[in-house]
Amino acid sequence: MIFAHSGREGDYGTWEPLVDHLLCVATLSMRFAGAFGYEVAGKALGLLHDVGKMAQAYQLYIRGQGPSPDHSTAGAAIACQHYGRSWGPLLAASIAGHHAGLADGDGEKGQLSSLKSRLDRYKGNLTCAEGAEPPAPEQVRSSIKHLDSGLRRSLLGRMLFSTLIDADRLATEAFYAHLNQQPVQRGCDTSLGMLRDRLTDHLVALAAKARADVAENPALGTINDLRAQVLAHVRNGAAQEPGLFSLTVPTGGGKTLASLAFALDHAQHWGKRRIIYVIPFTSIVEQTADVFRKALGDDDAILEHHSGFDGGSERQETGVSDAEAPDGGKKARLAAENWDRPVVVTTAVQFFESLFSNRPGKCRKLHNIAGSVVILDEAQTLPQPLLRPCLKLIDALARDFGCTLVLCTATQPAVNSSKLFADGLDNVRELAPDPAGLYQALKRVRVETMEGRPDVAALVTAMQSAPQCLTIVNSRRHAADLYAALKAADRAEPRLLTTALCAEHRRAVLADIREDLAQQRPVRVVATSLVEAGVDISFPLVMRALAGLDSVAQAAGRCNRHGEHGREGGRVLLFNPADEEGHRPPADLKVFADTAARVLSRTDDPLGLDAIRAYFQELYWRKGLAGALDKHNILKMLDDRADTLLFPYETVARLFRLIDDAQAPVIVPYKPAAEKIAGLVSDLSYVSSPGAIARQLQPYMVQVPIRARDKLREAKAAEYVRPDLYGDQFVLLTNSDLYDAKAGLRWDDPTYRDIGNGFM
């Protein structure tokens with residue numbers, strides 16, 4: 001008997017026959033690939049991926065009688081022989097990489113051996129498993145010529161890879177769960193139709209509350225009426241054919257719930273499978289997911305997924321060998337999410353980097369993007385150095401994988417095709433009613449510019465001129481310095497909001513801020529840009545360090561947000577910070593600030609749609625001339641391999657980084673939840689798949705540069721949690737003095753100790 005996975009030692013009746021595993025994986029991968037019209041290709045992957053386990057060397061290995069041999073190249077070689085040049089390399093890449101990841105098609109630049117070199121060296125048997133023969137070549141689509149670019153063809157390769165990875169892991173997980181008599185918790189029973197009905201009920205309740213609020217404060221009537229108009233208009237557009245849409249609604253116009261309502265209505269009308277909400281910042285994922293849970297009345301239907309929970313970490317999955325554990329269960333223990341939920345809330349980093357990734361853990365979920373409604377929130381934050389590949393990807397998802405995508409923003413970037421931007425998107429339909437009219441009707445602030453180059457002392461004086469003030473700066477260092485100076489000079493305790501605070505801590509601080517605002521108490525807040533996307537707070541005065549006009553507009557959305565101070569009763573004060581270390585804009589933000597300064601010098605309305613359009617056009621034009629919208633020439637790299645299908649998957653994955661300095665999570669002992677955190681960390685030692693626990697730990701994680709996390713570990717200020725099971729996925733802060741009650745995690749001095757710190 002030839003086995004795929006071992007069972008109880010000596011009891012071969014509990015072991016899984018190889019043919020059973022191949023057929024199970026083929027059934028799943030065929031179903032997954034059917035979501036985008038490639039069922040037969042998915043079936044072929046499933047039937048061929050593990051045929052290398054037929055080798056005697058592998059059968060000895062799983063019996064504990066030898067080293068782990070390569071078992072993936074055999075199926076890849078059969079795929080090339082069986083399906084020829086038209087399909088073979090695309091299928092072979094997935095099969096060869098189903099453990100280690102997608103390698104480059106040729107060359108030897110990466111950590112993984114290229115597909116071509118592995119196939120050239122392979123001298124083994126080319127025999128299929130009896131009873132699990134692959135489909136005939138004519139059954140697989142004979143041509144992919146309608147995919148007219150390297151990006152579109154390589155994306156198909158990653159999508160097929162995704163179907164195999166998810167099918168293989170699910171099948172393995174199911175086998176071991178059955179063997180150990182454990183339940184498998186996957187998916188969700190709640191349908192999108194049920195969620196749509198719950199959202200409708202929630203919106204009716206919100207409308208009733210809005211009418212009551214207007215009765216108490218008539219000034220709120222105008223903005224509530226406009227929000228209702230936007231919602232009705234957007235929902236009426238949900239029956240339009242799937243494709244590309246924009247939703248241009250000024251901050252405070254209710255676009256978050258309006259876009260969710262469109263997505264659910266559109267999905268129900270056109271049979272879409274799920275809603276994926278893509279947000280630029282990790283800090284906003286949690287609060288958006290909270291809004292959705294409240295609106296939809298269902299915790300289980302909504303999945304948060306960002307780098308705080310990314311099973312199969314960078315260092316675990318990069319350069320790993322072809323081997324799986326001798327008991328065959330390694331795949332079952334990996335904690336990667338496959339996005340099998342009705343609603344997914346994730347980050348732009350997670351979404352776009354996964355779609356350009358070569359790693360099994362990151363690619364596993366991709367097939368579940370097909371046939372979905374994808375909301376790209378704050379679309380103006382699409383990464384400039386990778387804008388062209390991102391836009392081509394958006395177009396491919398709509399054209400090839402049945403997705404509807406909505407570019408949702410208060411300041412629509414100039415991403416449509418134009419004379420100045422030939423690489424833009426075509427056929428983008430606007431969902432909002434009269435964006436220019438909406439802007440004028442929702443105009444609630446006046447923008448002023450502060451003289452000179454104010455230092456921290458000058459900013460403190462300006463903040464003290466108003467009892468309620470929010471100041472937003474461009475770096476955590478500037479925020480920390482300003483907060484410290486304000487704290488020393490101000491009677492009232494100021495607040496600090498940065499990503500150094502864990503999500504649960506930020507929620508508590510925001511709750512206090514909202515209470516102070518509601519009670520008209522003095523409240524002065526220093527924050528980084530994390531408050532600019534979707535945070536529902538409203539100050540009469542907002543001060544903003546010079547940045548891109550889109551960031552200025554987002555800052556203005558935290559000023560007089562609900563019109564409670566009357567039309568244009570809010571004040572936004574722009575300032576160019578003093579040229580001091582850590583206070584000037586980071587190098588990657590300077591071009592945005594400089595472009596904004598040029599546009600500001602020639603407009604009377606810096607937040608008007610004409611000014612915003614001019615800003616983006618100049619930004620894209622200047623960067624396009626310099627080749628900076630695809631700084632690594634990724635599109636050309638893929639086009640050069642489009643005919644051979646030998647794509648440089650590993651190289652592209654290495655180059656496509658939205659954040660150059662990779663971040664990693666640290667679990668912090670946030671005191672109000674200390675007992676819960678300790679219990680969850682303890683539970684990690686007793687589970688085979690930590691997905692559910694990882695999700696519960698998300699609110700207590702802080703993202704730090706990987707190098708900083710390494711320094712914390714080296715100083716014994718943090719430690720891995722069960723590295724034997726999870727590698728470097730979970731790191732716990734053990735020096736509690738490094739997590740401050742007001743400022744959050746400090747990692748500049750990992751050896752810091754505060755004898756008087758009673759917070760932890």
# chains A, B, ... in the order shown; residues from 1 in each chain; ligands from 1
>>> select_by_dssp(residues="range 494-660 of chain A", states="strand (DSSP E)", output="list in words")
Arg495, Leu496, Leu497, Val523, Arg524, Val525, Val526, Ala527, Leu541, Val542, Met543, Arg544, Ala545, Gly570, Arg571, Val572, Leu573, Leu574 and Phe575 of chain A
>>> write_last_selection(atoms="C-alpha atoms", output="short mmCIF file (atom, residue, chain, number, x, y, z; two decimals), in the first residue's frame")
data_model
loop_
_atom_site.label_atom_id
_atom_site.label_comp_id
_atom_site.auth_asym_id
_atom_site.auth_seq_id
_atom_site.Cartn_x
_atom_site.Cartn_y
_atom_site.Cartn_z
CA ARG A 495 -4.02 62.09 24.75
CA LEU A 496 -1.69 60.28 22.36
CA LEU A 497 -2.83 58.08 19.49
CA VAL A 523 -9.28 67.64 25.29
CA ARG A 524 -6.09 67.94 23.29
CA VAL A 525 -4.90 65.00 21.21
CA VAL A 526 -1.65 64.31 19.39
CA ALA A 527 -1.83 61.62 16.74
CA LEU A 541 -9.72 72.73 15.46
CA VAL A 542 -7.48 70.26 13.63
CA MET A 543 -3.80 71.05 13.07
CA ARG A 544 -2.05 69.05 10.34
CA ALA A 545 1.63 68.80 9.45
CA GLY A 570 -14.41 74.01 11.64
CA ARG A 571 -10.82 75.20 11.30
CA VAL A 572 -7.97 73.20 9.74
CA LEU A 573 -4.55 74.73 10.36
CA LEU A 574 -1.69 73.46 8.16
CA PHE A 575 1.91 73.83 9.28
#
>>> select_by_dssp(residues="range 162-297 of chain A", states="alpha helix (DSSP H)", output="VMD selection string")
chain A and resid 162 to 179 192 to 216 221 to 236 255 to 270 282 to 296
>>> residues_around(residues="Asn735 in chain A", least_positions_apart="2", cutoff="8 Å", atoms="only C-alpha atoms", output="list in words")
Lys716, Ala717, Ala718, Leu733, Asp737, Leu738 and Arg753 of chain A
>>> closest_residue(among="A:Ala593, A:Leu260, A:Val473, A:Leu23", to="Leu247 in chain A", atoms="only C-alpha atoms")
A:Leu260
>>> residues_around(residues="His583 in chain A", least_positions_apart="6", cutoff="10 Å", atoms="only C-alpha atoms", output="PyMOL selection string")
chain A and resi 455-456+473-479+481-482+545+576-577
>>> closest_residue(among="A:Ala228, A:Asp340, A:Gly437, A:Ile275", to="Thr248 in chain A", atoms="only C-alpha atoms")
A:Gly437
>>> closest_residue(among="A:Thr127, A:Asp11, A:Pro672, A:Phe161", to="Ala103 in chain A", atoms="only C-alpha atoms")
A:Phe161
>>> residues_around(residues="Ala289 in chain A", least_positions_apart="6", cutoff="8 Å", atoms="only C-alpha atoms", output="PyMOL selection string")
chain A and resi 302-304+345
>>> residues_around(residues="Asp298 in chain A", least_positions_apart="2", cutoff="12 Å", atoms="only C-alpha atoms", output="JSON, numbers by chain")
{"A": [188, 189, 190, 191, 192, 194, 195, 196, 198, 199, 289, 290, 291, 292, 293, 294, 295, 296, 300, 301, 302, 303, 341, 342, 343]}
>>> write_last_selection(atoms="C-alpha atoms", output="PDB file, in the first residue's frame")
ATOM      1  CA  CYS A 188     -19.686  30.223   8.328  1.00  0.00           C
ATOM      2  CA  ASP A 189     -23.353  29.337   8.013  1.00  0.00           C
ATOM      3  CA  THR A 190     -24.504  32.960   7.678  1.00  0.00           C
ATOM      4  CA  SER A 191     -25.399  33.887   4.095  1.00  0.00           C
ATOM      5  CA  LEU A 192     -24.835  37.244   2.418  1.00  0.00           C
ATOM      6  CA  MET A 194     -29.041  37.267   5.801  1.00  0.00           C
ATOM      7  CA  LEU A 195     -26.365  39.892   6.341  1.00  0.00           C
ATOM      8  CA  ARG A 196     -28.023  42.230   3.839  1.00  0.00           C
ATOM      9  CA  ARG A 198     -29.630  42.687   9.018  1.00  0.00           C
ATOM     10  CA  LEU A 199     -27.853  45.708   7.558  1.00  0.00           C
ATOM     11  CA  ALA A 289     -14.665  45.337  11.621  1.00  0.00           C
ATOM     12  CA  ASP A 290     -16.315  46.560  14.841  1.00  0.00           C
ATOM     13  CA  VAL A 291     -18.618  48.843  12.826  1.00  0.00           C
ATOM     14  CA  PHE A 292     -19.549  45.921  10.579  1.00  0.00           C
ATOM     15  CA  ARG A 293     -20.181  43.565  13.499  1.00  0.00           C
ATOM     16  CA  LYS A 294     -22.537  46.093  15.014  1.00  0.00           C
ATOM     17  CA  ALA A 295     -24.264  46.708  11.692  1.00  0.00           C
ATOM     18  CA  LEU A 296     -24.536  43.033  10.735  1.00  0.00           C
ATOM     19  CA  ASP A 300     -18.451  34.861  13.139  1.00  0.00           C
ATOM     20  CA  ALA A 301     -19.348  36.147   9.665  1.00  0.00           C
ATOM     21  CA  ILE A 302     -16.612  38.796   9.747  1.00  0.00           C
ATOM     22  CA  LEU A 303     -12.930  37.953   9.532  1.00  0.00           C
ATOM     23  CA  ARG A 341     -16.020  33.893   5.510  1.00  0.00           C
ATOM     24  CA  PRO A 342     -18.843  36.043   4.078  1.00  0.00           C
ATOM     25  CA  VAL A 343     -17.100  39.315   4.984  1.00  0.00           C
TER      26      VAL A 343
END
>>> closest_residue(among="A:Leu179, A:Leu600, A:Met450, A:Leu387", to="Tyr615 in chain A", atoms="only C-alpha atoms")
A:Leu600
>>> residues_around(residues="Ile693 in chain A", least_positions_apart="2", cutoff="9 Å", atoms="only C-alpha atoms", output="ChimeraX atom specification")
/A:680-681,683-684,689-691,695-698
>>> write_last_selection(atoms="N, CA and C atoms", output="compact mmCIF listing (two decimals), in the first residue's frame")
# COMPACT_ATOMS: atom_id res chain seq x y z
N LEU A 680 -4.94 33.17 26.77
CA LEU A 680 -4.83 32.86 25.35
C LEU A 680 -3.43 32.37 25.00
N VAL A 681 -2.42 33.04 25.55
CA VAL A 681 -1.04 32.61 25.28
C VAL A 681 -0.82 31.19 25.82
N ASP A 683 -3.09 28.91 26.10
CA ASP A 683 -3.85 27.98 25.25
C ASP A 683 -3.10 27.60 23.98
N LEU A 684 -2.18 28.47 23.54
CA LEU A 684 -1.42 28.17 22.32
C LEU A 684 -0.63 26.88 22.45
N SER A 689 -3.96 23.84 15.68
CA SER A 689 -4.09 24.93 14.72
C SER A 689 -4.54 26.18 15.47
N PRO A 690 -3.70 27.21 15.53
CA PRO A 690 -3.96 28.33 16.44
C PRO A 690 -4.79 29.46 15.87
N GLY A 691 -5.48 29.22 14.75
CA GLY A 691 -6.17 30.32 14.07
C GLY A 691 -7.14 31.09 14.95
N ARG A 695 -6.74 35.07 16.25
CA ARG A 695 -7.72 36.15 16.01
C ARG A 695 -8.07 36.85 17.31
N GLN A 696 -8.19 36.10 18.40
CA GLN A 696 -8.52 36.72 19.69
C GLN A 696 -7.37 37.55 20.24
N LEU A 697 -6.15 37.22 19.82
CA LEU A 697 -4.98 37.98 20.28
C LEU A 697 -4.74 39.25 19.47
N GLN A 698 -5.37 39.37 18.32
CA GLN A 698 -5.14 40.53 17.45
C GLN A 698 -5.26 41.87 18.17
>>> atom_distance(atom1="CA of Phe32 in chain A", atom2="CA of His367 in chain A")
6.6 Å
>>> atom_distance(atom1="CA of Leu393 in chain A", atom2="CA of Ile659 in chain A")
18.2 Å
>>> atom_distance(atom1="CA of Ala642 in chain A", atom2="CA of Arg364 in chain A")
23.2 Å
